[in-house]
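Beneath this line is the structure, given in structure tokens, with notes to follow.
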Amino acid sequence: MTTDVILYAGFAGVTVFFGGVLAMVFNHHVKESPVKYEVTHTMMTFGAGIIFAAVALVLVPKGLEQLSLFGLMGSFLAGALVFMWLDLRLAKSNSQSATLMAMLMDFIPESIALGAVFVVEPKMAMLLALFIGVQNLPEAFNSFRDLVQSGFSEKLTLLIFFVLSFFGIAGALLGHLVLSEHPELTAHLMTFASGGILYLLVQDIIPESKLEKSYLTSLGATLGFLLGMVGEKLLH
């Protein structure tokens, strides 16, 4: 069982590195053009659609199933407020680590939840691993360019992304070993992550993905959510 957790968490995390490699190749071999900007923004909305699917189809349903009304409300609002506070701190610091922190803000809670639910509901854990892995690809794709523009070299950025790939395994093992026997606490974590992720979607990801006179970007979000629906259907 622990081996399965490592394998699924490894898949979910390695896409961080692959997203960085894809971004480096894309930036070097595709000339600056309106089409390039449209593809970049569509990647952002595609990732947003997948993240929203994870919230709607996996994270929130677990909270609805396990928690009382006030427990659900408290965890969800706490997640939104904590992520808002972190977002404010990162915006004020204007540091090069801000983009990395933003990426980890949803990756780590989701990974911990992945490990925690694996014992009780393996199919849900598989679906969550798929969501995390696919969402990390466009998220890392966009973060790579931000980091390079902020002063990091491409090689250092790829090295950072490679190390980050293993954060998912560490988080999943933590959840598996510590939280697997505490379904209510796991539900609180998943609901907390839902509130924070939804805040990030509305505050940062969706506004940044908007591109004037482009309709493909909105379609990207729809396709991302559709992928989540397909995954949910295939595993149930």
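Every chain in the structure tokens takes a letter, A first, then B, and so on in the order presented; its residues are numbered from 1, and the ligands are numbered from 1 following the presented order.
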
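Excluding region 68-83 of chain A itself and any same-chain residue fewer than 2 positions from it, the protein and nucleic acid residues within 8 Å of it, counting only C-alpha atoms, are Gly63, Leu64, Gln66, Trp85, Leu86, Asp87, Met105, His188, Leu189, Thr191, Phe192, Ala193, Ser194, Gly195, Gly196, Ile197, Leu198, Tyr199 and Leu200 of chain A.
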
- Distance query Asn136 (chain A) at most 8 Å, only C-alpha atoms, self and fewer than 5 positions along chain excluded, as number ranges by chain: A: 12-13, 15-16, 19, 47, 107

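The smallest atom-to-atom distance between Phe161 (chain A) and any of A:Val55, A:Val134, A:Ala125, A:Ala23, using only C-alpha atoms, is found for A:Ala23.
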
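When the distance limit is 9 Å and only C-alpha atoms are what count, the residues near His176 (chain A), minus those fewer than 2 positions from it on the same chain, are A:Thr2, A:Val5, A:Ile112, A:Ala113, A:Leu114, A:Gly115, A:Ala116, A:Val117, A:Phe118, A:Val119, A:Gly171, A:Ala172, A:Leu173, A:Leu174, A:Val178, A:Leu179, A:Ser180, A:Glu181.
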
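Between CA of Pro138 (chain A) and CA of Met84 (chain A) the separation is 22.1 Å.
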
- Phe162 (chain A) environment, 12 Å, only C-alpha atoms, sequence neighbours closer than 6 positions dropped, as a PyMOL selection string: chain A and resi 10+13-21+140+144+155-156+168

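Relative to CA of Leu104 (chain A), CA of Val148 (chain A) is found at 17.6 Å.
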
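Closest approach to Ser143 (chain A) among A:Val39, A:Glu121, A:Ile6, A:Met44 is made by A:Met44 (distances from only C-alpha atoms).
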
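Of the listed residues (A:Tyr8, A:Phe167, A:Phe152, A:Phe141), A:Phe167 comes nearest to Asp106 (chain A); the distances count only C-alpha atoms.
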
- If you run DSSP over the backbone, which residues in region 11-229 of chain A end up alpha helix (DSSP H)? Put them as a ChimeraX atom specification. /A:11-29,34-54,60-66,69-93,98-117,122-149,154-164,167-174,183-200,206-209,216-229

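CA of Leu185 (chain A) sits 9.2 Å away from CA of Leu67 (chain A).
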